[in-house]
$ cat model.json   # JSON, C-alpha atoms and all ligand atoms
[["chain", "number", "residue", "atom", "x", "y", "z"],
["P", 4, "MET", "CA", -0.28, 6.22, 25.44],
["P", 5, "THR", "CA", -1.29, 9.04, 23.10],
["P", 6, "ILE", "CA", 0.33, 8.91, 19.68],
["P", 7, "SER", "CA", 0.02, 11.54, 16.93],
["P", 8, "LEU", "CA", -0.16, 10.53, 13.29],
["P", 9, "THR", "CA", -1.16, 12.23, 10.08],
["P", 10, "ILE", "CA", -3.11, 9.86, 7.88],
["P", 11, "ASN", "CA", -4.13, 10.91, 4.38],
["P", 12, "GLY", "CA", -3.56, 14.53, 5.39],
["P", 13, "LYS", "CA", -5.70, 14.38, 8.52],
["P", 14, "SER", "CA", -4.26, 14.57, 12.05],
["P", 15, "HIS", "CA", -5.13, 11.88, 14.58],
["P", 16, "GLU", "CA", -4.42, 11.61, 18.29],
["P", 17, "LEU", "CA", -4.70, 7.95, 19.23],
["P", 18, "ASP", "CA", -4.83, 6.47, 22.71],
["P", 19, "VAL", "CA", -3.46, 2.98, 22.01],
["P", 20, "GLU", "CA", -0.87, 0.54, 23.33],
["P", 21, "PRO", "CA", 2.55, 1.46, 21.88],
["P", 22, "ASP", "CA", 3.13, -2.05, 20.56],
["P", 23, "MET", "CA", -0.16, -2.19, 18.65],
["P", 24, "PRO", "CA", 0.66, -2.83, 14.98],
["P", 25, "LEU", "CA", -0.07, 0.10, 12.67],
["P", 26, "LEU", "CA", -2.29, -2.22, 10.62],
["P", 27, "TRP", "CA", -4.65, -2.74, 13.55],
["P", 28, "VAL", "CA", -4.69, 0.97, 14.30],
["P", 29, "LEU", "CA", -5.76, 1.64, 10.73],
["P", 30, "ARG", "CA", -8.33, -1.13, 10.54],
["P", 31, "ASP", "CA", -9.71, -1.41, 14.08],
["P", 32, "GLU", "CA", -9.22, 2.04, 15.58],
["P", 33, "LEU", "CA", -9.90, 4.09, 12.45],
["P", 34, "GLY", "CA", -12.09, 1.76, 10.38],
["P", 35, "MET", "CA", -9.85, 2.07, 7.32],
["P", 36, "THR", "CA", -10.26, -1.44, 5.97],
["P", 37, "GLY", "CA", -8.72, -0.87, 2.55],
["P", 38, "THR", "CA", -5.39, -2.01, 3.99],
["P", 39, "LYS", "CA", -5.46, -5.80, 4.30],
["P", 40, "PHE", "CA", -4.18, -8.42, 6.73],
["P", 41, "GLY", "CA", -2.48, -11.34, 5.01],
["P", 42, "CYS", "CA", 0.39, -13.05, 6.78],
["P", 43, "GLY", "CA", 1.05, -10.86, 9.82],
["P", 44, "VAL", "CA", 4.82, -11.38, 9.57],
["P", 45, "SER", "CA", 5.92, -8.81, 6.94],
["P", 46, "ALA", "CA", 6.06, -11.45, 4.21],
["P", 47, "CYS", "CA", 3.13, -10.86, 1.83],
["P", 48, "GLY", "CA", 2.77, -7.08, 1.46],
["P", 49, "ALA", "CA", -1.05, -7.00, 1.74],
["P", 50, "CYS", "CA", -0.73, -4.45, 4.54],
["P", 51, "THR", "CA", 1.53, -1.97, 2.70],
["P", 52, "VAL", "CA", 1.02, 1.79, 3.17],
["P", 53, "HIS", "CA", 3.35, 4.77, 2.70],
["P", 54, "VAL", "CA", 5.12, 6.18, 5.74],
["P", 55, "ASN", "CA", 6.71, 9.53, 4.88],
["P", 56, "GLY", "CA", 6.37, 8.48, 1.23],
["P", 57, "GLU", "CA", 8.10, 5.11, 1.60],
["P", 58, "ALA", "CA", 6.31, 1.77, 1.26],
["P", 59, "MET", "CA", 6.07, 0.04, 4.64],
["P", 60, "ARG", "CA", 4.42, -3.21, 5.77],
["P", 61, "THR", "CA", 2.25, -2.38, 8.74],
["P", 62, "CYS", "CA", 1.35, -5.75, 10.25],
["P", 63, "ALA", "CA", 4.61, -5.98, 12.18],
["P", 64, "THR", "CA", 5.22, -2.23, 12.64],
["P", 65, "PRO", "CA", 4.36, -1.03, 16.16],
["P", 66, "ILE", "CA", 2.50, 2.25, 16.23],
["P", 67, "SER", "CA", 5.21, 3.72, 18.48],
["P", 68, "ALA", "CA", 7.72, 3.30, 15.62],
["P", 69, "VAL", "CA", 5.75, 5.62, 13.33],
["P", 70, "ALA", "CA", 4.67, 8.34, 15.80],
["P", 71, "GLY", "CA", 4.78, 11.76, 14.20],
["P", 72, "THR", "CA", 4.97, 10.44, 10.63],
["P", 73, "GLU", "CA", 2.78, 11.12, 7.63],
["P", 74, "ILE", "CA", 0.96, 8.02, 6.44],
["P", 75, "THR", "CA", -0.87, 7.45, 3.19],
["P", 76, "THR", "CA", -3.19, 4.49, 2.81],
["P", 77, "ILE", "CA", -5.00, 3.19, -0.26],
["P", 78, "GLU", "CA", -7.93, 5.44, 0.70],
["P", 79, "GLY", "CA", -5.66, 8.48, 0.30],
["P", 80, "LEU", "CA", -3.77, 7.46, -2.83],
["P", 81, "ASN", "CA", -5.69, 9.92, -5.01],
["P", 82, "GLU", "CA", -6.20, 12.55, -2.33],
["P", 83, "GLY", "CA", -7.13, 15.83, -3.98],
["P", 84, "GLY", "CA", -6.68, 14.32, -7.44],
["P", 85, "PRO", "CA", -8.95, 12.90, -10.12],
["P", 86, "ASP", "CA", -11.23, 9.95, -9.41],
["P", 87, "LEU", "CA", -8.42, 7.52, -10.22],
["P", 88, "THR", "CA", -4.69, 8.09, -10.34],
["P", 89, "ALA", "CA", -2.89, 7.13, -13.55],
["P", 90, "LEU", "CA", -1.69, 4.05, -11.69],
["P", 91, "GLN", "CA", -5.20, 3.01, -10.70],
["P", 92, "GLN", "CA", -6.44, 3.63, -14.25],
["P", 93, "ALA", "CA", -3.66, 1.41, -15.61],
["P", 94, "TRP", "CA", -4.81, -1.30, -13.18],
["P", 95, "VAL", "CA", -8.32, -1.01, -14.61],
["P", 96, "ASP", "CA", -7.12, -0.91, -18.22],
["P", 97, "HIS", "CA", -5.01, -4.05, -17.77],
["P", 98, "GLN", "CA", -7.62, -5.75, -15.58],
["P", 99, "VAL", "CA", -4.96, -6.53, -13.01],
["P", 100, "PRO", "CA", -7.06, -7.51, -9.97],
["P", 101, "GLN", "CA", -8.51, -10.99, -9.76],
["P", 102, "CYS", "CA", -9.84, -11.59, -6.25],
["P", 103, "GLY", "CA", -8.38, -8.19, -5.38],
["P", 104, "TYR", "CA", -7.28, -9.02, -1.85],
["P", 105, "CYS", "CA", -3.61, -8.19, -2.34],
["P", 106, "GLN", "CA", -4.18, -5.25, -4.63],
["P", 107, "SER", "CA", -4.30, -2.30, -2.25],
["P", 108, "GLY", "CA", -0.91, -3.31, -0.86],
["P", 109, "MET", "CA", 0.28, -3.91, -4.41],
["P", 110, "LEU", "CA", -0.78, -0.41, -5.51],
["P", 111, "MET", "CA", 0.94, 1.20, -2.55],
["P", 112, "ALA", "CA", 4.17, -0.72, -3.22],
["P", 113, "VAL", "CA", 4.09, 0.06, -6.95],
["P", 114, "SER", "CA", 3.30, 3.75, -6.47],
["P", 115, "SER", "CA", 6.28, 4.00, -4.13],
["P", 116, "LEU", "CA", 8.51, 2.27, -6.70],
["P", 117, "LEU", "CA", 7.36, 4.57, -9.52],
["P", 118, "SER", "CA", 7.96, 7.68, -7.45],
["P", 119, "GLU", "CA", 11.60, 6.60, -7.11],
["P", 120, "ASN", "CA", 12.05, 4.94, -10.51],
["P", 121, "PRO", "CA", 9.49, 6.04, -13.14],
["P", 122, "ASN", "CA", 10.70, 3.56, -15.78],
["P", 123, "PRO", "CA", 11.64, 0.31, -14.02],
["P", 124, "SER", "CA", 12.81, -2.77, -15.93],
["P", 125, "ASP", "CA", 11.15, -6.15, -15.34],
["P", 126, "ASP", "CA", 14.10, -7.10, -13.13],
["P", 127, "GLU", "CA", 13.74, -3.89, -11.13],
["P", 128, "ILE", "CA", 10.00, -4.50, -10.76],
["P", 129, "ASP", "CA", 10.62, -8.05, -9.55],
["P", 130, "ALA", "CA", 13.29, -6.86, -7.09],
["P", 131, "ALA", "CA", 11.17, -4.05, -5.68],
["P", 132, "ILE", "CA", 7.70, -5.60, -5.66],
["P", 133, "THR", "CA", 7.92, -8.65, -3.45],
["P", 134, "ASN", "CA", 4.23, -8.58, -2.55],
["P", 135, "ILE", "CA", 2.53, -11.95, -2.88],
["P", 136, "CYS", "CA", -0.56, -12.45, -5.05],
["P", 137, "ARG", "CA", -2.26, -15.82, -4.70],
["P", 138, "CYS", "CA", -4.13, -15.22, -7.97],
["P", 139, "GLY", "CA", -0.88, -14.80, -9.91],
["P", 140, "THR", "CA", -1.51, -11.33, -11.36],
["P", 141, "TYR", "CA", 2.22, -10.64, -11.76],
["P", 142, "PRO", "CA", 2.29, -10.51, -15.61],
["P", 143, "ARG", "CA", -0.58, -8.00, -15.63],
["P", 144, "ILE", "CA", 1.10, -5.95, -12.92],
["P", 145, "ARG", "CA", 4.23, -5.72, -15.04],
["P", 146, "ALA", "CA", 2.20, -4.80, -18.13],
["P", 147, "ALA", "CA", 0.34, -2.05, -16.23],
["P", 148, "ILE", "CA", 3.58, -0.63, -14.87],
["P", 149, "ARG", "CA", 5.17, -0.73, -18.34],
["P", 150, "SER", "CA", 2.20, 1.12, -19.83],
["P", 151, "LEU", "CA", 2.79, 3.94, -17.37],
["P", 152, "ALA", "CA", 6.51, 3.94, -17.90],
["P", 153, "THR", "CA", 6.17, 4.34, -21.66],
["P", 154, "ALA", "CA", 3.17, 6.69, -21.61],
["P", 201, "LIG", "S1", 0.01, -8.87, 6.31],
["P", 201, "LIG", "FE1", 1.72, -7.56, 6.45],
["P", 201, "LIG", "S2", 3.15, -8.37, 5.08],
["P", 201, "LIG", "FE2", 1.54, -9.85, 5.10],
["P", 202, "LIG", "S1", -5.60, -10.52, -6.91],
["P", 202, "LIG", "FE1", -6.10, -12.22, -5.66],
["P", 202, "LIG", "S2", -4.48, -12.30, -4.22],
["P", 202, "LIG", "FE2", -3.84, -10.87, -5.67]]

$ encode --input "model.json" --output "structure tokens" --more "lines below"
Ligand code: FES
Ligand code: FES
Amino acid sequence: MTISLTINGKSHELDVEPDMPLLWVLRDELGMTGTKFGCGVSACGACTVHVNGEAMRTCATPISAVAGTEITTIEGLNEGGPDLTALQQAWVDHQVPQCGYCQSGMLMAVSSLLSENPNPSDDEIDAAITNICRCGTYPRIRAAIRSLATA
């Protein structure tokens, strides 16, 4: 089955099974390995990208469900912009990543939150960002988000 997607502003025609998860299309078909596999059951958020601007977990999303959409992955987060987005720079400034495995999904979830709510409270951050980080970077994530919100 041929499925059309726009990923980071570039059109793709993909000949894949319709039930193939979007995560595997990104990683295996397109070689975009910035998006990570964690749990495979929509629980951890490591596989988060934006679909039409909204954060979506891709490990349990069949490609047929996102045909015709515009997808942004971590590779496209600063498309056409400076080297780092303000969000990425805040991550560097607050030294958020530890092992880093969860962080691309984290950045995609947080950037989606900030586009809807530029000044979220700690409670709003906790409610919106349910991604799991085995290294426990949550306090630094909150501090980085707060630095952007008050900038
Ligand atoms: S790998 Fe998709 S939510 Fe965990
Ligand atoms: S930084 Fe290690 S899992 Fe989050």

$ atom_distance --input "model.json" --atom1 "atom CA of P:Met4" --atom2 "atom CA of P:Asn55"
22.0 Å

$ atom_distance --input "model.json" --atom1 "atom CA of P:Ser150" --atom2 "atom CA of P:Asn122"
9.7 Å

$ residues_around --input "model.json" --residues "stretch 69-72 of chain P" --least-positions-apart "6" --cutoff "12 Å" --atoms "only C-alpha atoms" --output "ChimeraX atom specification"
/P:4-19,21-26,28,52-57,59-61,63

$ residues_near_ligand --input "model.json" --ligand "ligand LIG 201 (chain P)" --cutoff "9 Å" --atoms "all atoms listed in the file" --output "list in words"
Leu26, Lys39, Phe40, Gly41, Cys42, Gly43, Val44, Ser45, Ala46, Cys47, Gly48, Ala49, Cys50, Thr51, Met59, Arg60, Thr61, Cys62, Ala63, Thr64, Gly108, Asn134 and Ile135 of chain P

$ closest_residue --input "model.json" --among "P:Asn81, P:Ser114, P:Ser107, P:Ser67" --to "ligand LIG 202 (chain P)" --atoms "only C-alpha atoms and all ligand atoms"
P:Ser107

$ residues_near_ligand --input "model.json" --ligand "ligand LIG 202 (chain P)" --cutoff "6 Å" --atoms "all atoms listed in the file" --output "PyMOL selection string"
chain P and resi 100-106+136-138

$ closest_residue --input "model.json" --among "P:Ser115, P:Asn120, P:Asp31, P:His97" --to "P:Arg145" --atoms "all atoms listed in the file"
P:His97

$ atom_distance --input "model.json" --atom1 "atom CA of P:Met111" --atom2 "atom CA of P:Ala131"
11.9 Å
